[in-house]
There are 2 protein chains.
Amino acid sequence: MSQTRPVALPPTEDQAGTVPDAMPARVGSGDRGVSDTADGLTALLTAARQASLALASAPTQVKNRALRGIAQALRDNVAGIVAANAVDLSVGADNGLSAALLDRLTLDEARIRSLADAVAEIELLTDPVGEVVRGSSLPNGVKISQVRVPFGVVGVIYEARPNVTVDIAALALKSGNAAVLRGGSAAENSNRVLVDLIQQALVAAGLPGESVQTIDPYGRAGATRLMQARGFVDVLIPRGSAGLIQAVVTESTVPVIETGAGVVHIFLDDSANLAWATDIVHNAKVQRPSVCNAVETVLVHEAAAARLLPAVLGRLAEAGVTIHGDAAVRALFPAAVPATEEDWSTEYMSLDLSVAVVADLDEAIAHIRRYSTGHTESIITNDIVNAERFLGEVDSAAVMVNASTRFTDGGEFGFGAEVGISTQKLHARGPMGLPELTSTKWIVRGSGQIRS
Amino acid sequence: MSQTRPVALPPTEDQAGTVPDAMPARVGSGDRGVSDTADGLTALLTAARQASLALASAPTQVKNRALRGIAQALRDNVAGIVAANAVDLSVGADNGLSAALLDRLTLDEARIRSLADAVAEIELLTDPVGEVVRGSSLPNGVKISQVRVPFGVVGVIYEARPNVTVDIAALALKSGNAAVLRGGSAAENSNRVLVDLIQQALVAAGLPGESVQTIDPYGRAGATRLMQARGFVDVLIPRGSAGLIQAVVTESTVPVIETGAGVVHIFLDDSANLAWATDIVHNAKVQRPSVCNAVETVLVHEAAAARLLPAVLGRLAEAGVTIHGDAAVRALFPAAVPATEEDWSTEYMSLDLSVAVVADLDEAIAHIRRYSTGHTESIITNDIVNAERFLGEVDSAAVMVNASTRFTDGGEFGFGAEVGISTQKLHARGPMGLPELTSTKWIVRGSGQIRS
């Protein structure tokens, strides 16, 4: 119903410009003095809250206009974005960032166009705001319905991935939320340019520029304030390393949606199809080893180990994967190095794989219960009873039969993009798309009824 | 699908008996030594986690058998429950508990039978476990579906309300969750008897007795441990005073669903029907003033104040309500006492009501935004535009048109009972019934697909 009401008056160009202008210098600003930081951040968070009121009642067509503007601005400003990104990459190289981190930090023309395509795809998705989740008529004639509404202000803390800035801004905007972004000092210049373009598109569409803001210039103090901003921020989503996520979960008084590491398992059952096992394990490990839905551990039924392992592991070895095997694995595949206890709980993010032989499905499930982070696990089997047991008894965000673990992904699931993959059980579990960025309210319509 | 698998073997009578036997003495035990507490609590939490595995795969018919057993045990043991409750009431009276607290603590035959009826009603509700929330086929033929699963272990911290022990145990059981209850030392004897009966019914139905456990004997140290029990407890729900809830939100590292205080508003619009306004305000204030959905503040449109207030407030005054009015209200209703700034943010829990005259709907919404706790607000109006604006712009768990705020209640909404009323936006908002005690998992079924 909020879609049918007129959008609040957009701010003037001047108003939209105040927050960026009031911000500290953009390069190498580092941490600010405490009082400076507190004042500036309070103003920024207040502006976010105010913007969220306009966004909550913004019609879908106005939000879509802003999304089209963002996609166009990205395509029109490739050179400017690449130039700002070059500054971050240069500072990062001087600071000794790893090749993997520098790669994640890089924005080139192809990646920028791909980001614009994702924004255009989000424009096409159904607006979750106003969706009626359930409803009924009470015996006394009162009608109740549970309707999706935006959270209000969403805070996101992530690390040196400027593409996340655009993905989150687009998802937050479509779901009617204001976003406060802490993307890390390593990507400060890239994020600044991206947020400037996003804010211009918002204003051009008649929405407040403060709907999407970055607190990168406030450094660590800004992140700390964001975690304590109860009343200003409705939900906080950390994306990144286990250390970052743990710090946010521990320090935040704002409700957190935890996105977690993936110690991901594939179990090759007695009846596993050899070709499926080989293809799926190869795909899950090799296609993109640095992401959370890549596989870390393969467990194989002892009755099928001799049939499956030589081909499955041979294909991996050809692709440069180091196999960390238990004794039974090493007996069948001598190229494997010995697996240590630590291997079973390590998220490699690299071309490494731990492999163990287990007695049966029970032992596989017990191993997964002990070491899994609850992200994704898959069984390769032709046994319907074992498949159902695996799906029922493995307690992870995604449980699969005969499919690659790489499918646990918002884009693959049809969500356009994803805010992250939740490994917690509260509110959202698995890839988070637009509905996961909403809350609900109960709408109650009566005609004078009272409770007896 | 978990409903189709066989339930795990029930523990023997001996196993079911170990936890209670290992517990400290039941009366006046107070806080235990730190090491004693830590060991006993770790064993108890481990047993809860183990029980949750059996519950998660328990068929609905087995859970329903346990619920029938609990309802029967309550009806068969009225005398024993009343006797244990008498000990708590006597200790409470000696400790100077208020009449309101003693009333909440009291279990008499009628209340026990009403509890048994609620358990029987929960037996009849649809099992939320296994419900398919949504699903689709991906372009490559992979089928995905999002299915409800239990959280696992639910912790609840509440204060001296033994009826909550039964309500929560029944809802947790039906939704496949183990429950760890901290009901407060004031109700320790009542809760002990109730939990004993519940555990016996669980074991008789073939489920682990440790599915429902109390940590009351561990005192405050037990509550603290529960709040830090990440990995053992999946969600923590505090019910009670604002102070209790604030302490849990601040101290807990386990995800919390916040149940909040209700500073509840009714706005009498220019076009309000006089009879509806009079009946609804009276019902919302007088029917049960000590609960969170009772109204605290009435706002009235200035153009309707002279028409509405004499009748609305006169009816309240007859019922013994003290009116705290602003100057405009006192001019129309001289019996009102002056409202202070503090009145606008006070949850009275008593026959007190604050009343203000506002210029229009905008001023009413601004007042509500400033002072509401986001629980429930209602507008009494015959103006469809104002009704829709109120529903859209007031950001509370329940927003109403022409109905009493007392309807925000799990029982009234048809949920059987309620775990509490969430005033947060994450996971659950408003009355929490069975679906709110579940998480989801993604079930992915393929036939060898890999990601390209």
# chains A, B, ... in the order shown; residues from 1 in each chain; ligands from 1
>>> calpha_fit_and_write(fixed="chain A", moving="chain B", output="short mmCIF file (atom, residue, chain, number, x, y, z; two decimals) with C-alpha atoms, in the first residue's frame")
data_model
loop_
_atom_site.label_atom_id
_atom_site.label_comp_id
_atom_site.auth_asym_id
_atom_site.auth_seq_id
_atom_site.Cartn_x
_atom_site.Cartn_y
_atom_site.Cartn_z
CA MET B 1 0.10 0.00 -0.04
CA SER B 2 2.99 2.33 0.50
CA GLN B 3 3.53 2.17 -3.23
CA THR B 4 0.35 4.06 -3.88
CA ARG B 5 1.28 7.14 -1.87
CA PRO B 6 3.16 10.08 -3.36
CA VAL B 7 6.90 10.21 -2.87
CA ALA B 8 8.18 12.86 -0.48
CA LEU B 9 9.54 16.00 -2.08
CA PRO B 10 13.07 15.43 -3.31
CA PRO B 11 15.78 17.53 -1.73
CA THR B 12 17.16 20.37 -3.75
CA GLU B 13 20.58 20.06 -5.34
CA ASP B 14 21.96 22.10 -2.47
CA GLN B 15 20.59 19.77 0.18
CA ALA B 16 21.82 16.73 -1.66
CA GLY B 17 25.24 18.31 -1.76
CA THR B 18 25.59 19.07 1.92
CA VAL B 19 26.67 15.68 3.12
CA PRO B 20 29.53 15.12 0.70
CA ASP B 21 30.72 18.71 1.22
CA ALA B 22 30.69 18.29 4.96
CA MET B 23 32.84 15.21 4.66
CA PRO B 24 36.53 15.24 5.39
CA ALA B 25 39.10 15.25 2.60
CA ARG B 26 38.87 12.24 0.37
CA VAL B 27 42.37 10.85 0.02
CA GLY B 28 44.42 9.41 2.84
CA SER B 29 42.29 11.06 5.49
CA GLY B 30 42.64 8.16 7.93
CA ASP B 31 40.97 8.37 11.33
CA ARG B 32 39.52 11.74 12.38
CA GLY B 33 39.49 13.36 15.76
CA VAL B 34 36.80 11.88 17.99
CA SER B 35 34.54 14.91 18.22
CA ASP B 36 34.85 15.73 14.51
CA THR B 37 33.97 12.13 13.70
CA ALA B 38 31.03 11.95 16.08
CA ASP B 39 29.43 15.19 14.83
CA GLY B 40 29.88 14.38 11.15
CA LEU B 41 28.68 10.81 11.55
CA THR B 42 25.63 11.79 13.55
CA ALA B 43 24.64 14.24 10.81
CA LEU B 44 25.23 11.58 8.17
CA LEU B 45 23.19 8.95 10.03
CA THR B 46 20.39 11.44 10.66
CA ALA B 47 20.32 12.23 6.95
CA ALA B 48 20.15 8.50 6.19
CA ARG B 49 17.19 8.07 8.53
CA GLN B 50 15.44 11.04 6.90
CA ALA B 51 16.12 9.68 3.41
CA SER B 52 14.74 6.29 4.44
CA LEU B 53 11.33 7.87 5.07
CA ALA B 54 11.15 9.11 1.49
CA LEU B 55 12.43 5.80 0.12
CA ALA B 56 9.93 3.75 2.11
CA SER B 57 7.04 5.42 0.31
CA ALA B 58 8.72 5.86 -3.08
CA PRO B 59 6.74 4.23 -5.91
CA THR B 60 8.49 1.39 -7.73
CA GLN B 61 8.68 3.46 -10.92
CA VAL B 62 10.66 6.18 -9.16
CA LYS B 63 13.10 3.66 -7.68
CA ASN B 64 13.44 2.02 -11.10
CA ARG B 65 14.20 5.40 -12.67
CA ALA B 66 17.06 5.84 -10.22
CA LEU B 67 18.35 2.34 -11.00
CA ARG B 68 18.32 3.12 -14.72
CA GLY B 69 20.22 6.30 -13.97
CA ILE B 70 22.84 4.44 -11.96
CA ALA B 71 23.37 1.85 -14.71
CA GLN B 72 23.72 4.64 -17.28
CA ALA B 73 26.10 6.65 -15.10
CA LEU B 74 28.36 3.61 -14.68
CA ARG B 75 28.47 3.10 -18.46
CA ASP B 76 29.08 6.81 -19.08
CA ASN B 77 31.87 7.19 -16.54
CA VAL B 78 34.11 4.19 -17.10
CA ALA B 79 37.22 6.35 -17.48
CA GLY B 80 36.62 8.32 -14.29
CA ILE B 81 35.94 5.18 -12.27
CA VAL B 82 39.04 3.44 -13.62
CA ALA B 83 41.15 6.51 -12.80
CA ALA B 84 39.95 6.66 -9.20
CA ASN B 85 40.42 2.92 -8.90
CA ALA B 86 43.99 3.30 -10.17
CA VAL B 87 44.77 5.53 -7.17
CA ASP B 88 43.47 2.84 -4.79
CA LEU B 89 45.43 0.14 -6.64
CA SER B 90 48.62 2.18 -6.49
CA VAL B 91 48.23 2.87 -2.75
CA GLY B 92 47.34 -0.79 -2.25
CA ALA B 93 50.42 -1.99 -4.09
CA ASP B 94 52.59 0.38 -2.01
CA ASN B 95 50.96 -1.02 1.13
CA GLY B 96 51.78 -4.58 0.03
CA LEU B 97 48.25 -5.89 -0.60
CA SER B 98 48.27 -9.49 -1.89
CA ALA B 99 47.63 -10.25 -5.55
CA ALA B 100 44.24 -11.74 -4.60
CA LEU B 101 43.21 -8.59 -2.73
CA LEU B 102 44.43 -6.33 -5.53
CA ASP B 103 42.42 -8.42 -7.99
CA ARG B 104 39.25 -8.00 -5.90
CA LEU B 105 39.96 -4.28 -5.68
CA THR B 106 40.34 -3.84 -9.44
CA LEU B 107 37.62 -2.23 -11.60
CA ASP B 108 38.22 -2.40 -15.34
CA GLU B 109 35.84 -1.59 -18.17
CA ALA B 110 34.45 -5.13 -18.39
CA ARG B 111 33.75 -5.28 -14.67
CA ILE B 112 32.09 -1.86 -14.67
CA ARG B 113 29.84 -2.86 -17.57
CA SER B 114 28.98 -6.08 -15.75
CA LEU B 115 28.06 -4.00 -12.67
CA ALA B 116 25.80 -1.81 -14.81
CA ASP B 117 24.14 -4.97 -16.17
CA ALA B 118 23.48 -6.20 -12.63
CA VAL B 119 21.83 -2.87 -11.74
CA ALA B 120 19.68 -3.11 -14.88
CA GLU B 121 18.69 -6.67 -13.86
CA ILE B 122 17.66 -5.48 -10.39
CA GLU B 123 15.45 -2.85 -12.04
CA LEU B 124 13.52 -5.70 -13.67
CA LEU B 125 12.94 -7.65 -10.44
CA THR B 126 9.61 -7.42 -8.61
CA ASP B 127 9.56 -4.78 -5.89
CA PRO B 128 9.29 -6.66 -2.58
CA VAL B 129 7.75 -3.66 -0.76
CA GLY B 130 4.01 -4.07 -0.34
CA GLU B 131 4.01 -7.82 -0.97
CA VAL B 132 1.33 -9.47 1.18
CA VAL B 133 3.00 -12.40 2.91
CA ARG B 134 -0.14 -13.81 4.53
CA GLY B 135 -3.44 -12.64 5.88
CA SER B 136 -6.82 -13.69 7.18
CA SER B 137 -10.14 -12.51 8.54
CA LEU B 138 -10.57 -12.96 12.27
CA PRO B 139 -13.86 -14.44 13.54
CA ASN B 140 -15.02 -10.92 14.52
CA GLY B 141 -14.55 -9.56 11.00
CA VAL B 142 -11.23 -7.79 11.62
CA LYS B 143 -8.96 -8.28 8.59
CA ILE B 144 -5.24 -8.77 9.19
CA SER B 145 -2.48 -8.93 6.60
CA GLN B 146 1.29 -9.14 6.95
CA VAL B 147 2.95 -6.86 4.40
CA ARG B 148 6.61 -6.41 3.44
CA VAL B 149 8.14 -3.05 4.35
CA PRO B 150 11.74 -1.81 4.08
CA PHE B 151 14.00 -2.14 7.11
CA GLY B 152 14.75 1.59 6.96
CA VAL B 153 18.52 2.10 7.14
CA VAL B 154 20.85 -0.78 6.28
CA GLY B 155 24.53 -0.63 7.25
CA VAL B 156 27.05 -2.76 5.40
CA ILE B 157 30.69 -3.28 6.39
CA TYR B 158 32.93 -4.92 3.78
CA GLU B 159 36.50 -4.88 2.60
CA ALA B 160 38.06 -3.39 -0.49
CA ARG B 161 35.52 -4.66 -3.02
CA PRO B 162 34.12 -1.63 -4.86
CA ASN B 163 31.72 -3.83 -6.87
CA VAL B 164 29.90 -4.53 -3.60
CA THR B 165 29.22 -0.80 -3.26
CA VAL B 166 27.12 -0.84 -6.42
CA ASP B 167 25.42 -4.20 -5.78
CA ILE B 168 24.34 -3.21 -2.27
CA ALA B 169 23.26 0.29 -3.26
CA ALA B 170 21.06 -1.11 -6.02
CA LEU B 171 19.49 -3.83 -3.83
CA ALA B 172 18.93 -1.40 -0.95
CA LEU B 173 17.34 1.17 -3.27
CA LYS B 174 15.00 -1.35 -4.92
CA SER B 175 13.90 -2.64 -1.50
CA GLY B 176 13.26 0.91 -0.26
CA ASN B 177 16.15 1.10 2.21
CA ALA B 178 18.73 3.82 2.77
CA ALA B 179 22.26 2.39 2.84
CA VAL B 180 25.28 3.44 4.89
CA LEU B 181 28.39 1.80 3.46
CA ARG B 182 31.76 1.18 5.04
CA GLY B 183 33.82 -0.25 2.19
CA GLY B 184 37.27 0.07 3.70
CA SER B 185 40.03 2.61 3.23
CA ALA B 186 41.74 0.48 0.56
CA ALA B 187 38.87 1.23 -1.84
CA GLU B 188 38.08 4.72 -0.60
CA ASN B 189 38.65 6.58 -3.87
CA SER B 190 36.80 4.04 -6.01
CA ASN B 191 33.87 3.99 -3.59
CA ARG B 192 33.77 7.80 -3.44
CA VAL B 193 33.37 8.10 -7.21
CA LEU B 194 30.79 5.33 -7.32
CA VAL B 195 28.74 6.82 -4.48
CA ASP B 196 28.90 10.26 -6.13
CA LEU B 197 27.47 8.80 -9.35
CA ILE B 198 24.80 6.90 -7.41
CA GLN B 199 23.80 10.04 -5.48
CA GLN B 200 23.50 12.06 -8.69
CA ALA B 201 21.24 9.42 -10.21
CA LEU B 202 19.10 9.37 -7.05
CA VAL B 203 18.63 13.14 -7.08
CA ALA B 204 17.86 13.12 -10.82
CA ALA B 205 15.13 10.55 -10.17
CA GLY B 206 13.63 12.70 -7.41
CA LEU B 207 15.00 10.76 -4.44
CA PRO B 208 17.28 12.03 -1.65
CA GLY B 209 20.98 11.75 -2.45
CA GLU B 210 21.58 10.69 1.15
CA SER B 211 19.80 7.41 0.37
CA VAL B 212 23.27 5.96 -0.27
CA GLN B 213 26.24 7.25 1.70
CA THR B 214 29.76 6.07 2.45
CA ILE B 215 31.54 6.43 5.79
CA ASP B 216 34.92 5.35 4.41
CA PRO B 217 36.51 8.75 5.20
CA TYR B 218 35.79 8.21 8.91
CA GLY B 219 38.07 5.18 9.07
CA ARG B 220 37.83 2.67 11.88
CA ALA B 221 36.03 5.13 14.17
CA GLY B 222 33.26 5.27 11.60
CA ALA B 223 32.87 1.48 11.59
CA THR B 224 32.74 1.45 15.39
CA ARG B 225 30.08 4.16 15.44
CA LEU B 226 28.05 2.29 12.83
CA MET B 227 28.05 -0.83 15.02
CA GLN B 228 26.69 1.18 17.95
CA ALA B 229 24.13 3.19 15.97
CA ARG B 230 20.97 1.70 17.46
CA GLY B 231 18.03 3.88 16.50
CA PHE B 232 19.80 5.10 13.36
CA VAL B 233 20.60 1.81 11.67
CA ASP B 234 18.07 -1.05 11.56
CA VAL B 235 20.33 -3.89 10.46
CA LEU B 236 24.04 -4.31 9.94
CA ILE B 237 25.49 -6.76 7.42
CA PRO B 238 29.21 -7.60 7.53
CA ARG B 239 30.75 -9.15 4.42
CA GLY B 240 34.31 -10.36 4.29
CA SER B 241 36.83 -12.30 6.33
CA ALA B 242 35.93 -14.44 9.33
CA GLY B 243 37.79 -11.93 11.52
CA LEU B 244 35.76 -8.99 10.24
CA ILE B 245 32.47 -10.84 10.71
CA GLN B 246 33.41 -12.03 14.20
CA ALA B 247 34.37 -8.48 15.21
CA VAL B 248 31.03 -7.10 14.00
CA VAL B 249 29.00 -9.85 15.68
CA THR B 250 30.80 -9.25 18.97
CA GLU B 251 30.88 -5.45 18.97
CA SER B 252 27.59 -4.52 17.34
CA THR B 253 24.53 -3.52 19.33
CA VAL B 254 22.63 -3.09 16.03
CA PRO B 255 21.02 -6.39 14.90
CA VAL B 256 23.44 -8.21 12.60
CA ILE B 257 22.88 -10.58 9.70
CA GLU B 258 25.97 -12.74 9.71
CA THR B 259 27.50 -13.76 6.39
CA GLY B 260 29.86 -16.58 7.08
CA ALA B 261 32.85 -18.45 5.82
CA GLY B 262 32.23 -21.62 3.86
CA VAL B 263 33.93 -24.86 4.86
CA VAL B 264 31.96 -26.67 2.18
CA HIS B 265 31.66 -30.47 1.84
CA ILE B 266 30.79 -32.90 -0.95
CA PHE B 267 30.02 -36.51 0.02
CA LEU B 268 30.53 -39.13 -2.67
CA ASP B 269 28.15 -41.90 -1.70
CA ASP B 270 28.57 -45.60 -2.52
CA SER B 271 26.26 -45.26 -5.52
CA ALA B 272 27.69 -41.98 -6.90
CA ASN B 273 27.75 -41.62 -10.68
CA LEU B 274 31.45 -41.37 -11.60
CA ALA B 275 31.03 -38.71 -14.27
CA TRP B 276 28.82 -36.54 -12.04
CA ALA B 277 31.25 -36.93 -9.13
CA THR B 278 34.22 -35.99 -11.29
CA ASP B 279 32.54 -33.01 -12.95
CA ILE B 280 30.92 -31.62 -9.80
CA VAL B 281 34.01 -31.87 -7.58
CA HIS B 282 36.14 -30.30 -10.33
CA ASN B 283 33.62 -27.49 -10.84
CA ALA B 284 33.19 -26.88 -7.11
CA LYS B 285 36.93 -26.64 -6.51
CA VAL B 286 38.48 -25.24 -9.68
CA GLN B 287 36.00 -22.90 -11.33
CA ARG B 288 36.59 -20.15 -8.75
CA PRO B 289 38.56 -21.33 -5.73
CA SER B 290 38.56 -17.98 -3.89
CA VAL B 291 34.84 -17.84 -3.11
CA CYS B 292 32.82 -19.12 -0.18
CA ASN B 293 30.80 -21.72 -2.11
CA ALA B 294 33.90 -23.49 -3.41
CA VAL B 295 34.39 -26.96 -1.90
CA GLU B 296 37.01 -27.54 0.84
CA THR B 297 36.48 -31.19 1.75
CA VAL B 298 35.43 -34.27 -0.21
CA LEU B 299 34.28 -37.29 1.81
CA VAL B 300 33.99 -40.60 0.00
CA HIS B 301 32.19 -43.82 0.99
CA GLU B 302 34.81 -46.52 1.61
CA ALA B 303 33.00 -48.97 -0.68
CA ALA B 304 33.33 -46.49 -3.58
CA ALA B 305 36.74 -45.00 -2.84
CA ALA B 306 38.70 -47.25 -5.19
CA ARG B 307 36.15 -46.75 -7.97
CA LEU B 308 35.85 -42.95 -7.65
CA LEU B 309 38.99 -41.39 -6.22
CA PRO B 310 41.54 -42.04 -8.97
CA ALA B 311 39.42 -40.28 -11.59
CA VAL B 312 38.04 -37.53 -9.32
CA LEU B 313 41.41 -36.64 -7.81
CA GLY B 314 43.34 -37.20 -11.05
CA ARG B 315 41.20 -34.57 -12.78
CA LEU B 316 41.84 -32.16 -9.91
CA ALA B 317 45.60 -32.80 -9.93
CA GLU B 318 45.67 -31.96 -13.65
CA ALA B 319 44.10 -28.62 -12.75
CA GLY B 320 46.85 -27.96 -10.20
CA VAL B 321 44.91 -28.85 -7.06
CA THR B 322 46.89 -30.03 -4.02
CA ILE B 323 45.11 -32.97 -2.36
CA HIS B 324 45.36 -33.20 1.44
CA GLY B 325 44.36 -36.81 2.12
CA ASP B 326 43.94 -39.12 5.07
CA ALA B 327 45.82 -42.44 5.07
CA ALA B 328 43.15 -44.29 3.09
CA VAL B 329 43.12 -41.57 0.43
CA ARG B 330 46.91 -41.54 0.16
CA ALA B 331 46.89 -45.31 -0.33
CA LEU B 332 44.67 -44.86 -3.39
CA PHE B 333 46.19 -41.59 -4.59
CA PRO B 334 49.86 -41.41 -3.65
CA ALA B 335 50.30 -37.82 -4.90
CA ALA B 336 48.20 -36.57 -1.95
CA VAL B 337 49.96 -34.87 0.95
CA PRO B 338 48.95 -35.87 4.51
CA ALA B 339 45.92 -34.02 5.83
CA THR B 340 46.33 -32.47 9.28
CA GLU B 341 43.56 -31.96 11.83
CA GLU B 342 43.62 -28.28 10.89
CA ASP B 343 42.82 -29.09 7.25
CA TRP B 344 39.30 -30.26 8.12
CA SER B 345 38.27 -26.82 9.39
CA THR B 346 40.21 -24.67 6.91
CA GLU B 347 38.50 -22.55 4.26
CA TYR B 348 41.31 -22.70 1.69
CA MET B 349 40.24 -20.04 -0.83
CA SER B 350 42.88 -21.71 -3.01
CA LEU B 351 43.55 -24.81 -5.14
CA ASP B 352 43.72 -27.08 -2.09
CA LEU B 353 41.26 -29.81 -1.15
CA SER B 354 41.07 -32.10 1.88
CA VAL B 355 39.79 -35.61 1.22
CA ALA B 356 38.81 -38.41 3.63
CA VAL B 357 37.37 -41.89 3.31
CA VAL B 358 34.36 -42.53 5.61
CA ALA B 359 32.63 -45.78 6.54
CA ASP B 360 29.15 -44.68 5.53
CA LEU B 361 26.61 -41.86 5.36
CA ASP B 362 26.42 -41.64 9.16
CA GLU B 363 30.13 -41.00 9.42
CA ALA B 364 29.92 -38.44 6.62
CA ILE B 365 27.11 -36.57 8.39
CA ALA B 366 28.98 -36.71 11.70
CA HIS B 367 32.10 -35.26 10.02
CA ILE B 368 30.04 -32.48 8.42
CA ARG B 369 28.31 -31.67 11.73
CA ARG B 370 31.70 -31.32 13.36
CA TYR B 371 33.54 -29.24 10.78
CA SER B 372 30.99 -27.48 8.56
CA THR B 373 30.34 -23.75 8.87
CA GLY B 374 26.74 -24.38 7.76
CA HIS B 375 27.12 -22.83 4.31
CA THR B 376 26.63 -25.52 1.62
CA GLU B 377 27.01 -29.30 1.45
CA SER B 378 26.25 -31.65 -1.44
CA ILE B 379 25.81 -35.42 -1.73
CA ILE B 380 26.49 -37.26 -4.98
CA THR B 381 24.35 -40.38 -4.90
CA ASN B 382 21.82 -42.49 -6.74
CA ASP B 383 20.24 -43.72 -3.49
CA ILE B 384 17.00 -41.93 -2.75
CA VAL B 385 16.95 -42.85 0.94
CA ASN B 386 20.47 -41.54 1.49
CA ALA B 387 19.70 -38.37 -0.49
CA GLU B 388 16.67 -37.60 1.70
CA ARG B 389 18.58 -38.36 4.90
CA PHE B 390 21.41 -36.04 3.81
CA LEU B 391 18.96 -33.22 2.94
CA GLY B 392 17.15 -33.63 6.24
CA GLU B 393 20.00 -34.20 8.67
CA VAL B 394 22.68 -31.83 7.39
CA ASP B 395 21.95 -28.46 8.97
CA SER B 396 23.34 -25.96 6.45
CA ALA B 397 21.97 -22.96 4.58
CA ALA B 398 21.98 -24.98 1.35
CA VAL B 399 21.93 -28.77 1.06
CA MET B 400 22.22 -30.36 -2.36
CA VAL B 401 21.88 -33.63 -4.22
CA ASN B 402 23.93 -34.17 -7.39
CA ALA B 403 24.73 -30.49 -7.96
CA SER B 404 27.78 -28.29 -7.66
CA THR B 405 28.10 -26.29 -4.43
CA ARG B 406 28.89 -23.28 -6.63
CA PHE B 407 25.13 -22.84 -7.18
CA THR B 408 24.65 -21.27 -3.74
CA ASP B 409 24.64 -17.75 -5.12
CA GLY B 410 22.08 -14.97 -5.40
CA GLY B 411 22.66 -14.54 -9.12
CA GLU B 412 22.28 -18.28 -9.79
CA PHE B 413 19.14 -18.44 -7.61
CA GLY B 414 17.61 -15.64 -9.72
CA PHE B 415 17.92 -12.84 -7.15
CA GLY B 416 19.72 -10.44 -9.53
CA ALA B 417 22.62 -9.88 -7.15
CA GLU B 418 23.12 -10.70 -3.51
CA VAL B 419 23.74 -8.76 -0.33
CA GLY B 420 25.74 -11.71 0.90
CA ILE B 421 25.16 -15.32 1.90
CA SER B 422 23.77 -15.65 5.41
CA THR B 423 25.02 -18.56 7.48
CA GLN B 424 22.90 -17.63 10.48
CA LYS B 425 19.43 -18.93 11.13
CA LEU B 426 17.73 -15.69 12.12
CA HIS B 427 15.84 -13.69 9.46
CA ALA B 428 17.75 -14.88 6.39
CA ARG B 429 19.62 -18.04 5.50
CA GLY B 430 21.57 -18.58 2.30
CA PRO B 431 21.85 -16.02 -0.52
CA MET B 432 20.16 -12.73 0.45
CA GLY B 433 18.25 -10.89 -2.24
CA LEU B 434 15.50 -8.29 -2.14
CA PRO B 435 12.99 -9.97 0.22
CA GLU B 436 15.77 -10.52 2.77
CA LEU B 437 16.27 -6.72 2.88
CA THR B 438 12.72 -6.23 4.11
CA SER B 439 10.84 -6.54 7.36
CA THR B 440 7.06 -6.84 7.66
CA LYS B 441 4.28 -5.01 9.42
CA TRP B 442 0.80 -6.19 10.33
CA ILE B 443 -2.02 -4.16 8.76
CA VAL B 444 -5.25 -4.49 10.77
CA ARG B 445 -8.54 -3.14 9.38
CA GLY B 446 -11.63 -3.07 11.55
CA SER B 447 -15.01 -1.40 11.76
CA GLY B 448 -15.15 -0.54 15.42
CA GLN B 449 -14.28 -3.98 16.85
CA ILE B 450 -13.10 -4.27 20.43
CA ARG B 451 -11.66 -7.24 22.29
CA SER B 452 -13.96 -9.12 24.61
#
>>> select_by_dssp(residues="region 295-437 of chain B", states="strand (DSSP E)", output="PyMOL selection string")
chain B and resi 295-301+322-325+337-338+352-358+376-380+398-403+420-422+430-432
>>> select_by_dssp(residues="region 36-131 of chain B", states="alpha helix (DSSP H)", output="PyMOL selection string")
chain B and resi 36-56+60-76+78-94+99-105+109-124
>>> decode(residues="region 180-194 of chain B", atoms="C-alpha atoms", output="PDB file, in the first residue's frame")
ATOM      1  CA  VAL B 180      16.183 -23.877  27.511  1.00  0.00           C
ATOM      2  CA  LEU B 181      14.122 -21.778  29.911  1.00  0.00           C
ATOM      3  CA  ARG B 182      15.205 -19.228  32.466  1.00  0.00           C
ATOM      4  CA  GLY B 183      11.974 -18.300  34.227  1.00  0.00           C
ATOM      5  CA  GLY B 184      13.395 -16.509  37.227  1.00  0.00           C
ATOM      6  CA  SER B 185      13.988 -17.597  40.802  1.00  0.00           C
ATOM      7  CA  ALA B 186      10.631 -16.186  41.945  1.00  0.00           C
ATOM      8  CA  ALA B 187       8.840 -18.956  40.027  1.00  0.00           C
ATOM      9  CA  GLU B 188      11.464 -21.653  40.491  1.00  0.00           C
ATOM     10  CA  ASN B 189       9.280 -24.221  42.257  1.00  0.00           C
ATOM     11  CA  SER B 190       6.302 -23.770  39.932  1.00  0.00           C
ATOM     12  CA  ASN B 191       8.540 -24.018  36.868  1.00  0.00           C
ATOM     13  CA  ARG B 192      10.299 -27.108  38.249  1.00  0.00           C
ATOM     14  CA  VAL B 193       7.026 -29.005  38.618  1.00  0.00           C
ATOM     15  CA  LEU B 194       5.805 -27.881  35.209  1.00  0.00           C
TER      16      LEU B 194
END
